[in-house]
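Source file: query.txt (compact mmCIF, C-alpha atoms (C1' of nucleotides))
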# COMPACT_ATOMS: atom_id res chain seq x y z
CA MET V 77 0.00 0.00 0.00
CA GLU V 78 1.47 3.26 -1.08
CA LEU V 79 0.89 6.57 0.62
CA ILE V 80 -0.65 8.40 -2.33
CA SER V 81 -2.90 5.46 -3.16
CA LEU V 82 -4.01 5.34 0.41
CA HIS V 83 -5.00 8.99 0.36
CA LYS V 84 -6.82 8.44 -2.91
CA CYS V 85 -8.90 5.81 -1.21
CA LEU V 86 -9.59 7.93 1.79
CA CYS V 87 -10.77 11.03 -0.02
CA ASP V 88 -14.14 9.52 -0.83
CA ARG V 89 -16.87 9.31 1.79
CA GLN V 90 -18.09 5.88 0.78
CA ARG V 91 -14.63 4.37 0.76
CA LEU V 92 -13.96 6.01 4.09
CA ARG V 93 -17.06 4.30 5.44
CA ILE V 94 -15.85 0.99 4.07
CA VAL V 95 -12.48 1.39 5.71
CA ASN V 96 -14.14 2.33 8.97
CA LEU V 97 -16.29 -0.80 8.84
CA LEU V 98 -13.44 -3.11 7.92
CA SER V 99 -11.35 -1.75 10.75
CA GLU V 100 -13.73 -3.63 13.06
CA GLY V 101 -13.38 -6.90 11.20
CA SER V 102 -13.82 -8.58 7.84
CA LEU V 103 -17.02 -8.21 5.87
CA CYS V 104 -18.34 -9.54 2.62
CA VAL V 105 -19.82 -7.51 -0.18
CA CYS V 106 -23.43 -8.20 0.72
CA HIS V 107 -22.91 -6.87 4.23
CA LEU V 108 -21.30 -3.70 3.01
CA GLN V 109 -24.10 -3.38 0.51
CA GLU V 110 -26.67 -3.63 3.26
CA ILE V 111 -24.93 -1.33 5.72
CA LEU V 112 -24.16 1.35 3.18
CA GLY V 113 -27.52 1.05 1.47
CA GLU V 114 -25.96 0.98 -1.97
CA ASN V 115 -26.41 -1.21 -5.02
CA GLN V 116 -24.13 -4.16 -5.45
CA ALA V 117 -22.26 -3.00 -8.53
CA LYS V 118 -21.22 0.25 -6.96
CA ILE V 119 -19.88 -1.36 -3.82
CA SER V 120 -18.10 -3.99 -5.83
CA LYS V 121 -16.44 -1.39 -8.00
CA GLN V 122 -15.28 0.58 -5.00
CA LEU V 123 -13.81 -2.60 -3.58
CA GLN V 124 -12.01 -3.43 -6.82
CA TYR V 125 -10.59 0.06 -6.85
CA MET V 126 -9.40 -0.28 -3.28
CA LYS V 127 -8.05 -3.75 -3.91
CA LYS V 128 -6.04 -2.59 -6.89
CA LEU V 129 -4.44 0.05 -4.69
CA ARG V 130 -3.87 -2.62 -2.03
CA VAL V 131 -5.81 -0.78 0.62
CA VAL V 132 -8.08 -3.75 1.10
CA PHE V 133 -7.45 -7.40 0.59
CA ALA V 134 -9.90 -10.07 -0.55
CA ARG V 135 -10.24 -13.78 -0.20
CA ARG V 136 -12.95 -16.10 -1.33
CA GLU V 137 -14.96 -18.24 1.02
CA GLY V 138 -17.50 -20.24 -0.91
CA VAL V 139 -19.78 -17.88 -2.77
CA TRP V 140 -18.67 -15.01 -0.64
CA MET V 141 -15.78 -12.65 -1.08
CA VAL V 142 -14.48 -11.57 2.27
CA TYR V 143 -12.77 -8.20 2.42
CA SER V 144 -10.43 -7.01 5.10
CA LEU V 145 -7.70 -4.51 5.80
CA PRO V 146 -4.14 -5.77 5.45
CA VAL V 147 -2.14 -6.11 8.63
CA PRO V 148 -0.15 -4.45 9.99
CA THR V 149 -2.28 -1.39 9.52
CA HIS V 150 -0.61 1.50 7.75
CA PRO V 151 0.04 4.30 10.25
CA VAL V 152 -1.86 6.86 8.20
CA LEU V 153 -4.84 4.56 7.88
CA LEU V 154 -4.70 3.99 11.60
CA ALA V 155 -4.66 7.71 12.28
CA THR V 156 -7.66 8.16 10.02
CA VAL V 157 -9.69 5.47 11.69
CA GLU V 158 -8.81 6.82 15.10
CA TYR V 159 -9.86 10.25 14.02
CA LEU V 160 -13.20 8.96 12.78
CA ARG V 161 -13.90 7.55 16.22
CA SER V 162 -12.68 10.57 18.11
CA ASN V 163 -15.89 12.56 17.76
CA GLU V 164 -13.77 15.35 16.32
CA ALA V 165 -14.72 14.41 12.78
CA ASP V 166 -17.18 16.97 11.45
CA ASP V 167 -19.47 14.35 10.10
CA PHE V 168 -18.87 11.83 12.74
CA ALA V 169 -22.39 10.47 13.19
CA CYS V 170 -22.49 8.49 9.98
CA PHE V 171 -19.41 6.48 10.87
CA ALA V 172 -20.58 5.58 14.33
CA GLU V 173 -23.98 4.59 12.96
CA ASP V 174 -22.36 2.32 10.42
CA LEU V 175 -20.63 0.44 13.19
CA GLN V 176 -23.93 0.07 15.00
CA THR V 177 -25.60 -1.24 11.89
CA ARG V 178 -22.76 -3.68 11.44
CA SER V 179 -23.28 -5.05 14.92
CA SER V 180 -26.99 -5.62 14.45
CA ILE V 181 -26.44 -7.34 11.17
CA LEU V 182 -23.81 -9.63 12.58
CA GLN V 183 -26.08 -10.52 15.49
CA ARG V 184 -28.35 -12.25 13.04
CA TYR V 185 -25.62 -14.75 12.32
CA ALA V 186 -25.34 -15.78 15.92
CA ASP V 187 -28.29 -18.08 15.24
CA ASN V 188 -27.60 -18.90 11.66
CA ILE V 189 -23.96 -19.37 10.89
CA ALA V 190 -24.60 -20.88 7.49
CA GLU V 191 -25.78 -17.56 6.14
CA CYS V 192 -22.43 -15.94 6.59
CA PRO V 193 -18.81 -16.73 5.88
CA GLN V 194 -16.81 -18.13 8.78
CA ALA V 195 -14.35 -15.30 8.73
CA VAL V 196 -17.06 -12.72 9.20
CA TYR V 197 -18.86 -14.69 11.84
CA GLN V 198 -15.66 -15.10 13.79
CA SER V 199 -14.94 -11.44 13.84
CA ALA V 200 -18.56 -10.86 14.86
CA THR V 201 -18.41 -13.13 17.85
CA GLY V 202 -14.79 -12.58 18.57
CA CYS V 203 -13.77 -16.23 18.64
CA MET D 144 -10.14 21.45 7.65
CA GLU D 145 -12.31 18.49 6.92
CA LEU D 146 -11.07 14.93 6.75
CA ILE D 147 -12.09 14.23 3.15
CA SER D 148 -10.63 17.51 1.96
CA LEU D 149 -7.43 16.71 3.74
CA HIS D 150 -7.14 13.38 1.97
CA LYS D 151 -7.91 15.06 -1.33
CA CYS D 152 -4.94 17.30 -0.78
CA LEU D 153 -2.67 14.49 0.21
CA CYS D 154 -3.34 12.21 -2.74
CA ASP D 155 -1.18 14.26 -5.07
CA ARG D 156 2.59 14.02 -4.97
CA GLN D 157 3.20 17.73 -5.46
CA ARG D 158 0.76 18.75 -2.76
CA LEU D 159 2.30 16.17 -0.50
CA ARG D 160 5.67 17.77 -1.10
CA ILE D 161 4.21 21.18 -0.30
CA VAL D 162 2.73 19.93 2.95
CA ASN D 163 6.03 18.30 3.84
CA LEU D 164 7.86 21.57 3.26
CA LEU D 165 5.38 23.70 5.16
CA SER D 166 5.55 21.36 8.10
CA GLU D 167 9.03 22.75 8.70
CA GLY D 168 7.87 26.35 8.57
CA SER D 169 6.18 28.97 6.44
CA LEU D 170 7.22 29.56 2.86
CA CYS D 171 6.20 31.91 0.12
CA VAL D 172 5.24 30.93 -3.37
CA CYS D 173 8.58 31.77 -4.92
CA HIS D 174 10.39 29.46 -2.53
CA LEU D 175 8.05 26.59 -3.22
CA GLN D 176 8.45 27.32 -6.90
CA GLU D 177 12.21 27.10 -6.62
CA ILE D 178 12.31 24.01 -4.43
CA LEU D 179 9.80 22.07 -6.47
CA GLY D 180 11.23 23.24 -9.79
CA GLU D 181 7.81 24.11 -11.14
CA ASN D 182 6.36 27.12 -12.89
CA GLN D 183 4.64 29.76 -10.85
CA ALA D 184 1.11 29.28 -12.12
CA LYS D 185 1.07 25.61 -11.30
CA ILE D 186 2.27 26.12 -7.74
CA SER D 187 -0.13 28.96 -7.23
CA LYS D 188 -3.03 26.86 -8.44
CA GLN D 189 -2.14 24.05 -6.11
CA LEU D 190 -1.98 26.51 -3.25
CA GLN D 191 -5.38 27.97 -4.09
CA TYR D 192 -6.80 24.50 -4.18
CA MET D 193 -5.30 23.68 -0.80
CA LYS D 194 -6.35 27.02 0.63
CA LYS D 195 -9.93 26.53 -0.46
CA LEU D 196 -9.98 23.21 1.36
CA ARG D 197 -8.36 24.94 4.35
CA VAL D 198 -5.37 22.67 4.43
CA VAL D 199 -3.04 25.62 4.13
CA PHE D 200 -3.46 29.15 5.25
CA ALA D 201 -2.12 32.30 3.60
CA ARG D 202 -1.26 35.78 4.69
CA ARG D 203 0.26 38.62 2.78
CA GLU D 204 3.52 40.22 3.75
CA GLY D 205 4.34 42.96 1.29
CA VAL D 206 4.58 41.51 -2.17
CA TRP D 207 4.84 38.03 -0.79
CA MET D 208 2.16 35.59 0.13
CA VAL D 209 3.29 33.47 3.00
CA TYR D 210 1.77 30.02 3.25
CA SER D 211 1.67 27.87 6.31
CA LEU D 212 -0.14 24.96 7.87
CA PRO D 213 -2.86 25.82 10.35
CA VAL D 214 -2.21 25.02 13.99
CA PRO D 215 -2.93 22.81 15.76
CA THR D 216 -1.99 20.29 13.12
CA HIS D 217 -4.71 17.86 12.15
CA PRO D 218 -3.83 14.39 13.51
CA VAL D 219 -4.07 12.76 10.10
CA LEU D 220 -1.82 15.39 8.57
CA LEU D 221 0.59 14.86 11.39
CA ALA D 222 0.61 11.11 10.81
CA THR D 223 1.28 11.68 7.13
CA VAL D 224 4.20 14.00 7.72
CA GLU D 225 5.66 11.63 10.27
CA TYR D 226 5.33 8.79 7.82
CA LEU D 227 7.13 10.77 5.13
CA ARG D 228 10.07 11.18 7.46
CA SER D 229 10.11 7.64 8.69
CA ASN D 230 12.02 6.23 5.71
CA GLU D 231 9.20 3.76 5.32
CA ALA D 232 7.67 5.78 2.51
CA ASP D 233 8.33 4.05 -0.78
CA ASP D 234 9.46 7.19 -2.46
CA PHE D 235 11.02 8.75 0.53
CA ALA D 236 14.10 10.35 -1.05
CA CYS D 237 12.27 13.17 -2.74
CA PHE D 238 10.78 14.45 0.49
CA ALA D 239 14.02 14.45 2.38
CA GLU D 240 15.76 16.19 -0.50
CA ASP D 241 13.11 18.87 -0.54
CA LEU D 242 13.83 19.67 3.07
CA GLN D 243 17.53 19.89 2.26
CA THR D 244 16.87 22.23 -0.61
CA ARG D 245 14.69 24.32 1.64
CA SER D 246 17.53 24.70 4.13
CA SER D 247 20.04 25.81 1.52
CA ILE D 248 17.65 28.33 0.09
CA LEU D 249 16.84 29.79 3.47
CA GLN D 250 20.54 30.08 4.25
CA ARG D 251 20.81 32.71 1.56
CA TYR D 252 18.56 34.96 3.55
CA ALA D 253 20.84 34.90 6.54
CA ASP D 254 22.82 37.63 4.79
CA ASN D 255 20.01 39.35 3.01
CA ILE D 256 16.85 39.58 5.00
CA ALA D 257 15.24 42.05 2.64
CA GLU D 258 14.88 39.38 -0.02
CA CYS D 259 12.51 37.34 2.04
CA PRO D 260 9.44 37.85 4.15
CA GLN D 261 10.01 38.13 7.89
CA ALA D 262 7.84 35.15 8.64
CA VAL D 263 9.90 32.90 6.44
CA TYR D 264 13.19 34.26 7.65
CA GLN D 265 12.14 33.70 11.22
CA SER D 266 11.26 30.11 10.67
CA ALA D 267 14.56 29.73 8.82
CA THR D 268 16.68 31.02 11.66
CA GLY D 269 14.43 29.85 14.40
CA CYS D 270 14.09 33.18 16.16
C1' DA C 71 -26.94 -29.78 -16.63
C1' DT C 72 -29.83 -26.19 -14.50
C1' DA C 73 -30.94 -22.87 -11.25
C1' DA C 74 -29.96 -19.66 -7.61
C1' DT C 75 -27.05 -16.62 -5.12
C1' DA C 76 -23.01 -13.67 -4.68
C1' DT C 77 -19.86 -10.98 -6.97
C1' DA C 78 -17.38 -8.79 -10.94
C1' DT C 79 -17.03 -6.33 -15.28
C1' DG C 80 -18.02 -3.78 -19.74
C1' DC C 81 -19.63 0.31 -21.74
C1' DA C 82 -21.12 5.00 -22.24
C1' DA C 83 -22.25 9.37 -20.15
C1' DA C 84 -21.19 12.76 -16.66
C1' DA C 85 -18.26 15.00 -13.51
C1' DA C 86 -14.06 16.33 -11.50
C1' DG C 87 -9.14 17.23 -11.68
C1' DA C 88 -4.69 18.57 -13.89
C1' DA C 89 -1.88 21.21 -17.15
C1' DG C 90 -0.42 24.93 -20.32
C1' DG C 91 -0.33 29.42 -21.80
C1' DA C 92 -1.78 33.98 -21.57
C1' DT C 93 -3.21 37.57 -18.81
C1' DA C 94 -4.74 40.07 -14.68
C1' DT C 95 -3.98 41.97 -10.02
C1' DA C 96 -1.40 43.73 -6.05
C1' DT C 97 2.38 45.87 -3.82
C1' DA C 98 6.47 48.59 -3.61
C1' DA C 99 9.91 51.43 -5.61
C1' DA C 100 11.34 55.06 -8.77
C1' DT H 265 2.37 57.62 -12.93
C1' DT H 266 5.34 54.11 -14.56
C1' DT H 267 7.86 49.97 -13.74
C1' DA H 268 9.16 45.68 -11.73
C1' DT H 269 8.26 41.76 -8.94
C1' DA H 270 5.23 38.39 -6.83
C1' DT H 271 1.08 36.08 -7.12
C1' DA H 272 -3.64 34.85 -8.87
C1' DT H 273 -6.98 33.73 -12.41
C1' DC H 274 -9.05 32.66 -17.03
C1' DC H 275 -9.79 29.52 -20.72
C1' DT H 276 -9.14 25.40 -23.16
C1' DT H 277 -7.61 20.76 -23.53
C1' DC H 278 -6.68 16.22 -21.65
C1' DT H 279 -7.09 12.73 -18.44
C1' DT H 280 -9.05 10.41 -14.58
C1' DT H 281 -13.10 9.18 -11.70
C1' DT H 282 -17.79 8.24 -10.94
C1' DT H 283 -22.16 6.35 -11.97
C1' DG H 284 -25.94 3.64 -14.09
C1' DC H 285 -27.32 -0.08 -16.43
C1' DA H 286 -26.79 -4.40 -18.34
C1' DT H 287 -24.40 -8.50 -18.39
C1' DA H 288 -20.90 -11.92 -17.22
C1' DT H 289 -18.61 -15.17 -14.01
C1' DA H 290 -18.14 -18.24 -10.04
C1' DT H 291 -19.77 -21.30 -6.59
C1' DT H 292 -23.14 -24.25 -4.59
C1' DA H 293 -27.33 -26.82 -4.45
C1' DT H 294 -30.80 -29.44 -7.03
Encoding of this model in structure tokens:
Amino acid sequence: MELISLHKCLCDRQRLRIVNLLSEGSLCVCHLQEILGENQAKISKQLQYMKKLRVVFARREGVWMVYSLPVPTHPVLLATVEYLRSNEADDFACFAEDLQTRSSILQRYADNIAECPQAVYQSATGC
Amino acid sequence: MELISLHKCLCDRQRLRIVNLLSEGSLCVCHLQEILGENQAKISKQLQYMKKLRVVFARREGVWMVYSLPVPTHPVLLATVEYLRSNEADDFACFAEDLQTRSSILQRYADNIAECPQAVYQSATGC
DNA sequence: ATAATATATGCAAAAAGAAGGATATATAAA
DNA sequence: TTTATATATCCTTCTTTTTGCATATATTAT
């Protein structure tokens, strides 16, 4: 991940929301789609863009593509995520709400693991 | 300064170089022009762009426009500048060289204060 | 093999950004 | 007022992103 590419990713609100969500754990496209309330193609294209710049990383699990942030986290990405959670961000509400939405969605899988890739479920339950 | 605007500024190599330079102290357009080896109009346009997004701040001193970073420094901007100096940046050399060039140029003013705005001279000599 | 679900991609239009060259404005000095 | 220096802006072209819509691919289940 290169510095300029990273900033390119982070200068778009939707990609910033994606990064914020992934910083809590892996997610697949359909989850992002649901949380962000966007059509599938758009989310997928954003993810391809981010993947090409190596800001996110993808692996397949069955029918699902699971996206996550590469570790170790780039210091600038880390600073950005921290800032988003610091309440200092001007438009902070949206990012906090996204994390809430993520939690509720992942709760659903507590009863029905088969509807969700392992990797996502694990990060949801923490085991 | 808003987070998205900040990232917009930082996703361009030239603007990144400008931010890196200003993080050491104020500079006027002609200095940036000389250090970056670019024509005046281009530098000026970049600065207007950055000013509009409130990533830099300008004040006039005689014929000169002195540009600087607003204080306190935004945490994400700080992280970026630190990263640039950490040698981890892929294309690190250019940023370090810029700071060198800046020093040599400011040395000239040690003998001839009149050729340079006070604000710049002060940050050059540290007084 | 077919169907269903999840995800990716191709294409064209729209929007935003970058670059060059010429020119305009502002300040200070003569 | 004229001139010189420093800086800003206009206009046009070129490239890059973004978006919508349709379609293609991949995996799994039937």
Determine, for each residue of chain D having at least one atom at most 6 Å from an atom of chain V, the closest pair of atoms and their separation in Å to one decimal, counting all atoms listed in the file; order by chain and ascending number, as CSV.
residue,atom,partner,partner_atom,distance
D:Ile147,CA,V:Cys87,CA,4.7
D:His150,CA,V:Cys87,CA,4.8
D:Lys151,CA,V:Cys87,CA,5.1
D:Leu153,CA,V:His83,CA,6.0
D:Cys154,CA,V:Ile80,CA,4.7
D:Val219,CA,V:Ala155,CA,5.5
D:Ala222,CA,V:Val152,CA,5.6
D:Thr223,CA,V:Val152,CA,5.9
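Using only C-alpha atoms (C1' of nucleotides), the chain D residues found within 12 Å of chain C amount to Lys151, Cys152, Cys154, Asp155, Gln157, Glu181, Asn182, Gln183, Ala184, Lys185, Ile186, Lys188, Gln189, Tyr192, Arg203, Glu204, Gly205, Val206, Trp207 and Met208 of chain D.
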- Query: Out of H:DT277, H:DT294, H:DT283, H:DT289, which residue has the shortest atom-to-atom distance to chain V when counting only C-alpha atoms (C1' of nucleotides)?
  - Reply: H:DT283
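Point (-5.2, 21.0, 5.2) has the following residues at most 7 Å away: Met144, Leu149, Met193, Leu196, Arg197, Val198, Val199 and Leu212 of chain D (atoms considered: all atoms listed in the file).
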Go ahead and write the residues just picked, C-alpha atoms, as a PDB file, keeping the file's coordinate frame.
ATOM      1  CA  MET D 144     -10.140  21.450   7.650  1.00  0.00           C
ATOM      2  CA  LEU D 149      -7.430  16.710   3.740  1.00  0.00           C
ATOM      3  CA  MET D 193      -5.300  23.680  -0.800  1.00  0.00           C
ATOM      4  CA  LEU D 196      -9.980  23.210   1.360  1.00  0.00           C
ATOM      5  CA  ARG D 197      -8.360  24.940   4.350  1.00  0.00           C
ATOM      6  CA  VAL D 198      -5.370  22.670   4.430  1.00  0.00           C
ATOM      7  CA  VAL D 199      -3.040  25.620   4.130  1.00  0.00           C
ATOM      8  CA  LEU D 212      -0.140  24.960   7.870  1.00  0.00           C
TER       9      LEU D 212
END
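Take atom CA of V:Lys127 and atom CA of V:Ser162: the distance between them is 26.7 Å.
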- Query: In terms of the shortest atom-to-atom distance over only C-alpha atoms (C1' of nucleotides), which of D:Ile161, D:Ser169, D:Ser187, D:Gly180 is closest to chain H?
  - Reply: D:Ser187
- Message: I want to know what sits within 7 Å of V:Ser144, based on only C-alpha atoms (C1' of nucleotides), with residues of the same chain fewer than 3 positions away left out; could you give that as a list of chain:residue names?
- Response: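 Everything that qualifies: V:Leu98, V:Gly101, V:Ser102, V:Leu103, V:Val132, V:Phe133, V:Ala134.
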Where does chain H meet chain D within 8 Å, residue by residue, with the nearest atom pair and distance in Å to one decimal for each, counting only C-alpha atoms (C1' of nucleotides), listed by chain and rising number, as a Markdown table?
| residue | atom | partner | partner_atom | distance |
| --- | --- | --- | --- | --- |
| H:DT269 | C1' | D:Val206 | CA | 7.7 |
| H:DA270 | C1' | D:Val206 | CA | 5.6 |
| H:DT271 | C1' | D:Ser187 | CA | 7.2 |
| H:DA272 | C1' | D:Ser187 | CA | 7.0 |
Can you write out the residues you just picked, keeping C-alpha atoms (C1' of nucleotides), as a PDB file, in the coordinates of the input?
ATOM      1  C1'  DT H 269       8.260  41.760  -8.940  1.00  0.00           C
ATOM      2  C1'  DA H 270       5.230  38.390  -6.830  1.00  0.00           C
ATOM      3  C1'  DT H 271       1.080  36.080  -7.120  1.00  0.00           C
ATOM      4  C1'  DA H 272      -3.640  34.850  -8.870  1.00  0.00           C
TER       5       DA H 272
END
- Task: For atom CA of V:Phe171 and atom CA of V:Arg184, quote the distance in Å rounded to one decimal.
- Result: 20.9 Å
- Message: If I take atom CA of V:Arg93 and atom CA of V:Asp174, how far is one from the other in Å, to one decimal?
- Response: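 Taking atom CA of V:Arg93 as the start and atom CA of V:Asp174 as the end point, the length is 7.5 Å.
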